[in-house]
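*Asks:* Before I ask anything, here is the structure I am working with.
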Amino acid sequence: MFKFIISALYLLLYLILTLPLELVLFIIGKLNMPLRDKISFLFVKYIGLGVVTKMSGSRVIVNGLENIPDDTACLFVGNHNSYFDVIISYTFMKRPTGYIAKKEMEKYPSLNCWMYFMRCLFIDRKDVKQGMKTILKAVDYLKEGINIFVFPEGTRSKDGQMLPFKEGSMKMAEKSGCPIIPVAISNTAAMFEKHFPRITAETVVFTFCKPVYTNELEGEDRKHVGQYVQNIIREALDNVNSVPGT
């Protein structure tokens, strides 16, 4: 419980104390968007989410960072079990990265500004037309060199079993021509969701799999990219779970 209180207070203070910076970043964005992206990225990665990750006390094992290309933006596709999936994964990003978030997140003051600066996009799952606009906006971001991270299950898994991936999420890669990086995330729910509101130190594993290029797929794999990527993640999770101590 102590870790939860300390982490929550830290995030609250972060959002309050950085209010003046938000105004500065807004102005910078009007003059130099790449500079705003870089400042926001570094600030959130190291002073925001990076600190919260360390405060959790968890041991984070990461595999496959070499699979992330340095010369292009990527669509990261991961399974989703915990709020810590976002918090920890952001610390591994090599360039500004926006996450696809549910529309409800947009209503929180200060947090919504930081998500805006991070190039996050808010999607209304009930509005198909708005959802397509969000995907097209994400395509524009990818073409600009901004990573996009999506959890195609649409919600956090309650029992650790993956829900079917929504195929529409893969359109971002198809339309932008960027590679898909499947991300297998293991044991993050044990940090928080399994015993809410306590945060406990656990061993969690993030595996970044080899890039998938949709234009190289054939047949059913090309037709059902979401299922193809989910199978890669499932295999990676099975490999992690078969190793003692992880």
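Please note that chains go A, B, ... in the order of the structure tokens, that every chain numbers its residues from 1, and that ligands are numbered from 1 in the order shown.
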Mind listing the alpha helix (DSSP H) residues of segment 93-183 of chain A, per DSSP on the backbone, as a ChimeraX atom specification?
*Replies:* /A:111-117,128-144,171-176
*Asks:* Please produce a file of the residues just selected, as a short mmCIF file (atom, residue, chain, number, x, y, z; two decimals), in the first residue's frame, where the atoms kept are C-alpha atoms.
*Replies:*
```
data_model
loop_
_atom_site.label_atom_id
_atom_site.label_comp_id
_atom_site.auth_asym_id
_atom_site.auth_seq_id
_atom_site.Cartn_x
_atom_site.Cartn_y
_atom_site.Cartn_z
CA LEU A 111 -2.65 14.24 -17.83
CA ASN A 112 -4.49 14.85 -21.09
CA CYS A 113 -1.99 17.61 -21.96
CA TRP A 114 0.99 15.33 -21.42
CA MET A 115 -0.68 12.61 -23.49
CA TYR A 116 -1.24 15.20 -26.20
CA PHE A 117 2.46 16.18 -26.09
CA VAL A 128 -16.67 3.62 -35.92
CA LYS A 129 -16.30 6.80 -37.96
CA GLN A 130 -14.28 8.53 -35.25
CA GLY A 131 -12.21 5.38 -34.83
CA MET A 132 -11.23 5.45 -38.51
CA LYS A 133 -10.20 9.10 -38.18
CA THR A 134 -7.99 8.13 -35.24
CA ILE A 135 -6.32 5.39 -37.30
CA LEU A 136 -5.68 7.81 -40.17
CA LYS A 137 -4.19 10.33 -37.72
CA ALA A 138 -1.93 7.60 -36.37
CA VAL A 139 -0.83 6.84 -39.94
CA ASP A 140 0.18 10.49 -40.32
CA TYR A 141 2.18 10.30 -37.08
CA LEU A 142 3.98 7.15 -38.24
CA LYS A 143 4.91 8.84 -41.51
CA GLU A 144 6.29 11.76 -39.46
CA LYS A 171 -4.33 -0.92 -40.75
CA MET A 172 -1.95 1.66 -39.30
CA ALA A 173 1.02 -0.42 -40.43
CA GLU A 174 -0.50 -1.34 -43.78
CA LYS A 175 -1.31 2.27 -44.68
CA SER A 176 1.96 3.77 -43.44
#
```
*Asks:* Which residues are close to Lys103 of chain A, i.e. within 6 Å by only C-alpha atoms, leaving aside same-chain residues fewer than 3 positions away? Reply as a list in words.
*Replies:*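 Surrounding residues, per the criterion: Glu106, Phe122, Ile123 and Asp124 of chain A.
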*Asks:* Create the file for the chosen residues now, containing N, CA and C atoms and written as an mmCIF file, in the first residue's frame.
*Replies:*
```
data_model
loop_
_atom_site.group_PDB
_atom_site.id
_atom_site.type_symbol
_atom_site.label_atom_id
_atom_site.label_comp_id
_atom_site.auth_asym_id
_atom_site.auth_seq_id
_atom_site.Cartn_x
_atom_site.Cartn_y
_atom_site.Cartn_z
ATOM 1 N N GLU A 106 -9.146 11.253 -21.920
ATOM 2 C CA GLU A 106 -8.996 12.632 -22.384
ATOM 3 C C GLU A 106 -9.566 13.658 -21.405
ATOM 4 N N PHE A 122 -6.774 9.417 -28.772
ATOM 5 C CA PHE A 122 -7.908 8.918 -27.992
ATOM 6 C C PHE A 122 -8.958 8.355 -28.941
ATOM 7 N N ILE A 123 -9.392 7.132 -28.651
ATOM 8 C CA ILE A 123 -10.329 6.465 -29.552
ATOM 9 C C ILE A 123 -11.634 6.142 -28.842
ATOM 10 N N ASP A 124 -12.726 6.435 -29.535
ATOM 11 C CA ASP A 124 -14.064 6.110 -29.032
ATOM 12 C C ASP A 124 -14.469 4.774 -29.671
#
```
*Asks:* What does the distance from atom CA of Ala8 of chain A to atom CA of Glu193 of chain A come to in Å, to one decimal?
*Replies:*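 Interatomic distance, atom CA of Ala8 of chain A to atom CA of Glu193 of chain A: 14.9 Å.
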*Asks:* Taking the chain letters and numbering used in this document, name the residues of segment 98-225 of chain A that DSSP puts in strand (DSSP E or B), as a VMD selection string.
*Replies:* chain A and resid 98 to 102 121 to 123 147 to 150 180 to 186 203 to 208 212
*Asks:* Might you pull out every residue within 6 Å of segment 147-162 of chain A, with only C-alpha atoms counted and same-chain residues fewer than 5 positions away left off, and present them as number ranges by chain?
*Replies:* A: 73-81, 97-100, 142
*Asks:* Counting only C-alpha atoms, what is within 7 Å of Cys209 of chain A, bar same-chain residues fewer than 4 positions away, as a PDB file with N, CA and C atoms, in the first residue's frame?
*Replies:*
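Wrote out-v9.pdb, looks like this:
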```pdb
ATOM      1  N   GLY A  64      15.178  -8.553 -26.830  1.00  0.00           N
ATOM      2  CA  GLY A  64      14.902  -8.181 -28.213  1.00  0.00           C
ATOM      3  C   GLY A  64      14.934  -6.706 -28.549  1.00  0.00           C
ATOM      4  N   ASN A  67      15.737  -5.726 -31.997  1.00  0.00           N
ATOM      5  CA  ASN A  67      14.742  -5.899 -33.061  1.00  0.00           C
ATOM      6  C   ASN A  67      14.021  -4.604 -33.416  1.00  0.00           C
ATOM      7  N   ILE A 181       6.112  -4.205 -34.569  1.00  0.00           N
ATOM      8  CA  ILE A 181       6.944  -4.878 -33.576  1.00  0.00           C
ATOM      9  C   ILE A 181       6.020  -5.547 -32.558  1.00  0.00           C
ATOM     10  N   PRO A 182       5.847  -6.868 -32.610  1.00  0.00           N
ATOM     11  CA  PRO A 182       5.035  -7.549 -31.593  1.00  0.00           C
ATOM     12  C   PRO A 182       5.745  -7.474 -30.239  1.00  0.00           C
ATOM     13  N   VAL A 183       4.983  -7.174 -29.186  1.00  0.00           N
ATOM     14  CA  VAL A 183       5.560  -7.042 -27.847  1.00  0.00           C
ATOM     15  C   VAL A 183       4.835  -7.990 -26.893  1.00  0.00           C
TER      16      VAL A 183
END
```
